[in-house]
Structures are given as structure tokens and as C-alpha cells.
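Only one structure is covered here, and it is reproduced in the block below.
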There are 2 protein chains.
Amino acid sequence: MSIVECHDGRMSLRHAVLGMLADEPGSGYDLLKRFERAMANVWPATQSQLYGELGKLEAAGMIHVLAEGPRGRKEYEITEAGLEELRHWLIDVDPGGPPRSAGLLRVYFLGSVSPAQARGYVASMGESARAREERLAELEGTIDWGDDNQSLYGRLVLEWGKRFSAMQREWAEWAVKQVE
Amino acid sequence: MSIVECHDGRMSLRHAVLGMLADEPGSGYDLLKRFERAMANVWPATQSQLYGELGKLEAAGMIHVLAEGPRGRKEYEITEAGLEELRHWLIDVDPGGPPRSAGLLRVYFLGSVSPAQARGYVASMGESARAREERLAELEGTIDWGDDNQSLYGRLVLEWGKRFSAMQREWAEWAVKQVE
DNA sequence: CTGTGCATGTAAGGAGTTACATGATTCA
DNA sequence: TGAATCATGTAACTCCTTACATGCACAG
């Protein structure tokens with residue numbers, strides 16, 4: 001193996017940006033709001049990160065400036081190279097295992113506090129899961145779903161979130177009983 | 001607000017190390033193997049990271065060297081300050097929302113590939129969830145569970161993993177039908 | 001003419017990964 | 001003595017977050 005040979009790291013923000021621009025061109029500011037609206041629960045991103053990534057993507061030829069507007073606004077569009085990179089990531093790259101979970105990490109260590117405190121912590125996990133369930137159900141009502149692809153895959157993600165939250169709530173209810 | 005005022009970032013590796021040392025003293029090498037065995041699916045950590053964190057924790061007075069062994073082995077033990085920090089993290093700090101999920105991020109963008117490819121990707125998510133279910137079921141059989149606290153909380157985490165994997169498999173089965 | 005929102009960026013630092021690097025001990 | 005294992009550490013890099021910083025445009 002060569003001395004310099006890494007360039008992995010997964011870099012999913014890059015692909016999140018490419019995916020959004022594949023859907024529709026937009027400026028950094030646009031993307032920021034789209035991230036807040038649609039992806040806050042899947043892949044949060046900050047303003048700094050977005051502008052930095054847009055710069056790198058442009059340098060790499062994966063996006064280009066489609067138009068410039070007032071206040072220095074730069075509207076980006078994905079290029080063919082960018083689309084190719086996105087499709088490659090979607091299809092060819094191994095997604096890797098389940099992500100880190102700080103909440104679950106704590107459960108491992110609940111032996112370091114009193115059973116009452118442990119029970120309280122598990123119960124609060126259940127409560128926040130229940131709150132998320134409600135929020136998602138509400139969200140589902142406010143979105144007007146179409147028949148297009150974006151709606152289809154958006155529904156898939158929303159359904160995943162609902163099932164995940166329900167699973168966590170049920171687990172927490174079960175776990176509280178175990179601690180007793 | 002003051003100019004220099006941050007020091008958040010969550011730093012969960014720190015607490016993972018404290019939690020392990022609260023359970024039982026050990027060297028960096030010991031912890032490395034314990035991480036591989038017990039926590040690979042919850043909070044993976046590399047050798048570099050562990051030794052770095054042990055150094056920082058010792059400098060912060062949260063752990064101390066209990067004994068030195070052959071080959072420069074340093075066995076660490078958690079201090080009272082470290083226990084306090086661990087308990088504080090367990091009880092008082094907000095765990096934050098659901099973590100990033102690269103797998104789910106992709107689902108958002110499956111509109112960029114053909115329906116057949118999208119279906120294939122979702123199906124592979126289900127398949128890897130099924131494989132994880134099997135692995136966890138096998139793991140459950142090989143561990144001899146006791147009545148102690150560690151076994152209790154370990155079982156809770158394992159159960160979470162089982163439910164999560166089952167949820168993801170069922171979701172994938174459902175989602176494959178939606179894509180058709 | 002002033003506030004609100006639009007719009008873009010940089011700097012500093014923590015967290016995590018990979019690769020590089022070294023050396024001691026034990027056992028066959 | 002040679003291989004495997006024990007054992008610790010550093011360097012370079014990417015990713016992510018927070019805070020700092022600037023300026024234009026438009027509506028009231």
C-alpha cells in the first residue's frame with residue numbers, strides 16, 4: 001500500500017449537498033433553509049459547513065454557478081460529474097453500520113448511578129421519543145404529498161422516523177420495568 | 001456573551017472511557033479490546049483516540065495510574081472527580097436528538113437513480129438489518145448473563161439493538177413495496 | 001433612514017480516522 | 001532467534017461546531 005492513500009471518511013455532507021442540488025438548483029442560503037426544513041433530523045448541517053462544502057464542490061467541478069443575483073447570491077447547479085459522484089455514492093458505496101448513539105451509550109453505564117436515577121433516565125428517553133412521534137405525525141399532516149419521486153422517498157424517510165420513534169418509546173417502556 | 005465561551009461538543013468518548021473505568025480499572029490496551037468486544041456497535045473508538053483521551057483525562061485529574069506493568073503498561077483507575085463527571089453526564093446533560101444516519105440520507109436522494117436501483121438499495125438495507133439481527137441473536141446466546149448491574153444494562157442495550165434491527169428490516173420490506 | 005432579512009464568508013478548536021513509528025515480552 | 005502479541009504513542013488530515021465578521025437590498 002502506498003504511503004499517501006486515504007481519502008475515505010465517507011464525506012456524507014458532500015453527498016447531501018449534491019442530492020439537494022440534483023433535486024433543484026439553489027444558493028447556499030437556499031440550501032441552508034432546505035436543510036433546516038427537511039433534513040434537520042437526518043443530517044444537520046451548519047451554515048459554515050455548507051458554504052465551505054459548496055466551495056470545495058465547485059473547485060472539484062461537481063457543481064457550477066448557474067447565475068449570480070443581488071447581494072452576491074450565487075445559484076449553483078449540479079454538473080454531470082457531480083451527478084455521477086452522487087449516483088456512485090448511492091449505489092456503490094457501503095453505507096456502514098449503525099451510527100453512534102450517545103443515548104444508548106449512557107444506558108451501558110447506568111450502573112454508576114442509583115436505580116431510581118437510571119429509571120428516570122430511561123423514562124426520559126421514552127418521553128423524548130414520544131414527543132418526536134407527535135412532532136412527526138404533525139409534520140405528516142402539514143406536508144402536501146404528491147405523486148412525484150421526491151414525495152415518495154420523503155414519505156419513506158418520514159415513515160422510518162415514525163417507526164424508529166415508536167420503537168424507542170416501546171423499548172423505553174419495557175426497559176423501565178426491567179430496572180425495577 | 002463572552003468572546004471565548006464554547007467547550008461543549010458533547011465529548012462522549014471521554015464518558016465512554018470513564019464508564020468503562022468505573023466498571024473496572026484497566027490499561028489503554030485493555031480498553032481497546034473492551035471497546036471492540038462490547039461497544040463496537042454503539043460507540044466505536046480507535047487506538048489513537050483512546051490513548052489520546054487517557055492522556056487528557058489523566059491531566060484533568062479524572063483518572064490516575066493505579067499500577068505500572070511490563071512493556072510500559074499503565075493501568076488506570078477512575079478518580080472521584082471522574083466519577084462525578086460521569087454521573088453528571090449521565091443525569092444532567094441533555095442527550096440530544098437522533099444521530100446522523102447515512103443510510104437514511106441516501107433514501108432521500110434515491111430519486112437520482114433508477115427505480116430498480118432504488119429498490120435494490122432499500123432491499124440491501126433490509127438485508128444488512130437481517131444479518132445484524134442474526135448476529136445479535138447469536139451474541140445473546142454466547143454471553144452468560146448474571147444478575148449484576150452490568151448484565152442488566154448490557155441486556156437493555158442488546159434488546160435495543162435487536163428491536164432497532166427488526167424495525168429496520170420491517171421498514172425495508174415495506175419500503176420495497178412502496179417503490180414498485 | 002433604519003431595521004430586518006438576505007447572503008457570504010473566515011478562524012479556531014474539538015472530535016475522529018488512518019497511517020506511521022517504536023519497543024518490550026513471551027513462547028515455541 | 002524469530003514470530004506473535006502486548007503496549008504506547010505521534011502526525012496529518014478531514015469533519016463539524018461555534019463564534020466572529022461583513023455587506024447589500026428592500027420595506028415601512
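Chain labels A, B, ... are given in the sequence in which chains occur in the C-alpha cells; within each chain residues are numbered consecutively from 1, and ligands are likewise numbered from 1 in the order shown.
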
May I ask you to extract the residues of chain D within 9 Å of chain B, using only C-alpha atoms (C1' of nucleotides), and to give them as a list in words? DC6, DA7, DT8, DG9, DT17, DT18, DA19 and DC20 of chain D

Written selection (C-alpha atoms (C1' of nucleotides)) as an mmCIF file, in the first residue's frame:
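See again.cif below for the written result:
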data_model
loop_
_atom_site.group_PDB
_atom_site.id
_atom_site.type_symbol
_atom_site.label_atom_id
_atom_site.label_comp_id
_atom_site.auth_asym_id
_atom_site.auth_seq_id
_atom_site.Cartn_x
_atom_site.Cartn_y
_atom_site.Cartn_z
ATOM 1 C "C1'" DC D 6 1.455 -6.701 24.279
ATOM 2 C "C1'" DA D 7 1.770 -1.874 24.712
ATOM 3 C "C1'" DT D 8 2.129 3.035 23.836
ATOM 4 C "C1'" DG D 9 2.451 6.918 21.314
ATOM 5 C "C1'" DT D 17 -19.259 23.290 15.570
ATOM 6 C "C1'" DT D 18 -19.102 27.898 17.458
ATOM 7 C "C1'" DA D 19 -18.137 32.336 17.120
ATOM 8 C "C1'" DC D 20 -16.719 36.251 14.570
#

What are the residues of chain C lining chain B at 9 Å or less? Count only C-alpha atoms (C1' of nucleotides), and put the answer as a PDB file with N, CA, C and O atoms (P, O5', C5', C4', C3', O3' and C1' of nucleotides), in the first residue's frame.
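Ended up saving to part-v2.pdb:
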ATOM      1  P    DG C  14      -9.680  22.506  21.726  1.00  0.00           P
ATOM      2  O5'  DG C  14     -10.859  21.453  21.741  1.00  0.00           O
ATOM      3  C5'  DG C  14     -12.209  21.878  21.888  1.00  0.00           C
ATOM      4  C4'  DG C  14     -13.107  20.846  21.244  1.00  0.00           C
ATOM      5  C3'  DG C  14     -12.718  19.410  21.578  1.00  0.00           C
ATOM      6  O3'  DG C  14     -13.903  18.660  21.762  1.00  0.00           O
ATOM      7  C1'  DG C  14     -12.629  19.723  19.242  1.00  0.00           C
ATOM      8  P    DA C  15     -13.847  17.184  22.219  1.00  0.00           P
ATOM      9  O5'  DA C  15     -14.044  16.399  20.855  1.00  0.00           O
ATOM     10  C5'  DA C  15     -15.273  16.545  20.155  1.00  0.00           C
ATOM     11  C4'  DA C  15     -15.265  15.604  18.980  1.00  0.00           C
ATOM     12  C3'  DA C  15     -14.784  14.193  19.319  1.00  0.00           C
ATOM     13  O3'  DA C  15     -15.700  13.286  18.746  1.00  0.00           O
ATOM     14  C1'  DA C  15     -13.533  15.065  17.516  1.00  0.00           C
ATOM     15  P    DG C  16     -15.552  11.765  18.939  1.00  0.00           P
ATOM     16  O5'  DG C  16     -14.826  11.338  17.608  1.00  0.00           O
ATOM     17  C5'  DG C  16     -15.534  11.427  16.381  1.00  0.00           C
ATOM     18  C4'  DG C  16     -14.641  10.963  15.259  1.00  0.00           C
ATOM     19  C3'  DG C  16     -13.992   9.592  15.476  1.00  0.00           C
ATOM     20  O3'  DG C  16     -14.350   8.757  14.394  1.00  0.00           O
ATOM     21  C1'  DG C  16     -12.391  11.178  14.754  1.00  0.00           C
ATOM     22  P    DT C  17     -13.856   7.273  14.323  1.00  0.00           P
ATOM     23  O5'  DT C  17     -12.771   7.335  13.156  1.00  0.00           O
ATOM     24  C5'  DT C  17     -13.132   7.893  11.896  1.00  0.00           C
ATOM     25  C4'  DT C  17     -11.929   7.869  10.971  1.00  0.00           C
ATOM     26  C3'  DT C  17     -11.165   6.538  10.988  1.00  0.00           C
ATOM     27  O3'  DT C  17     -11.146   6.020   9.670  1.00  0.00           O
ATOM     28  C1'  DT C  17      -9.659   8.398  11.261  1.00  0.00           C
ATOM     29  P    DG C  23      13.153   2.279  19.160  1.00  0.00           P
ATOM     30  O5'  DG C  23      12.662   1.223  20.248  1.00  0.00           O
ATOM     31  C5'  DG C  23      12.122   1.723  21.457  1.00  0.00           C
ATOM     32  C4'  DG C  23      11.317   0.638  22.083  1.00  0.00           C
ATOM     33  C3'  DG C  23      12.084  -0.687  22.281  1.00  0.00           C
ATOM     34  O3'  DG C  23      12.263  -0.854  23.672  1.00  0.00           O
ATOM     35  C1'  DG C  23       9.841  -1.018  21.614  1.00  0.00           C
ATOM     36  P    DA C  24      13.096  -1.976  24.288  1.00  0.00           P
ATOM     37  O5'  DA C  24      11.954  -2.802  25.032  1.00  0.00           O
ATOM     38  C5'  DA C  24      11.177  -2.150  26.032  1.00  0.00           C
ATOM     39  C4'  DA C  24      10.172  -3.144  26.563  1.00  0.00           C
ATOM     40  C3'  DA C  24      10.787  -4.431  27.089  1.00  0.00           C
ATOM     41  O3'  DA C  24      10.068  -4.792  28.258  1.00  0.00           O
ATOM     42  C1'  DA C  24       9.303  -4.931  25.300  1.00  0.00           C
ATOM     43  P    DT C  25      10.562  -5.956  29.175  1.00  0.00           P
ATOM     44  O5'  DT C  25       9.675  -7.182  28.693  1.00  0.00           O
ATOM     45  C5'  DT C  25       8.275  -7.191  28.972  1.00  0.00           C
ATOM     46  C4'  DT C  25       7.625  -8.392  28.316  1.00  0.00           C
ATOM     47  C3'  DT C  25       8.135  -9.752  28.786  1.00  0.00           C
ATOM     48  O3'  DT C  25       6.994 -10.414  29.323  1.00  0.00           O
ATOM     49  C1'  DT C  25       7.851  -9.692  26.433  1.00  0.00           C
TER      50       DT C  25
END

Show me a table, sorted first by chain and then by increasing residue number, of the residues of chain A having an atom at most 6 Å from chain B, each with its shortest atom pair and the distance in Å to one decimal, counting only C-alpha atoms and written as a Markdown table.
| residue | atom | partner | partner_atom | distance |
| --- | --- | --- | --- | --- |
| A:Gly19 | CA | B:Phe109 | CA | 5.6 |
| A:Val42 | CA | B:Arg100 | CA | 5.3 |
| A:Trp43 | CA | B:Arg100 | CA | 5.2 |
| A:Pro95 | CA | B:Gly103 | CA | 5.7 |
| A:Arg100 | CA | B:Trp43 | CA | 5.2 |
| A:Ser101 | CA | B:Val42 | CA | 6.0 |
| A:Gly103 | CA | B:Pro95 | CA | 5.8 |
| A:Tyr108 | CA | B:Tyr153 | CA | 5.5 |
| A:Phe109 | CA | B:Gly19 | CA | 5.6 |
| A:Gly111 | CA | B:Asn149 | CA | 5.6 |
| A:Asn149 | CA | B:Gly111 | CA | 5.6 |
| A:Tyr153 | CA | B:Tyr108 | CA | 5.4 |
| A:Gly154 | CA | B:Tyr108 | CA | 5.9 |

Members of range 11-134 of chain B assigned alpha helix (DSSP H) by DSSP, as a PyMOL selection string: chain B and resi 12-23+28-34+47-59+80-92+102-108+115-134

Quick one: of B:Lys162, B:Ala123, B:Glu77, B:Arg34, who's nearest to Leu139 in chain B, counting only C-alpha atoms?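 Selected residue with least distance to Leu139 in chain B: B:Lys162.
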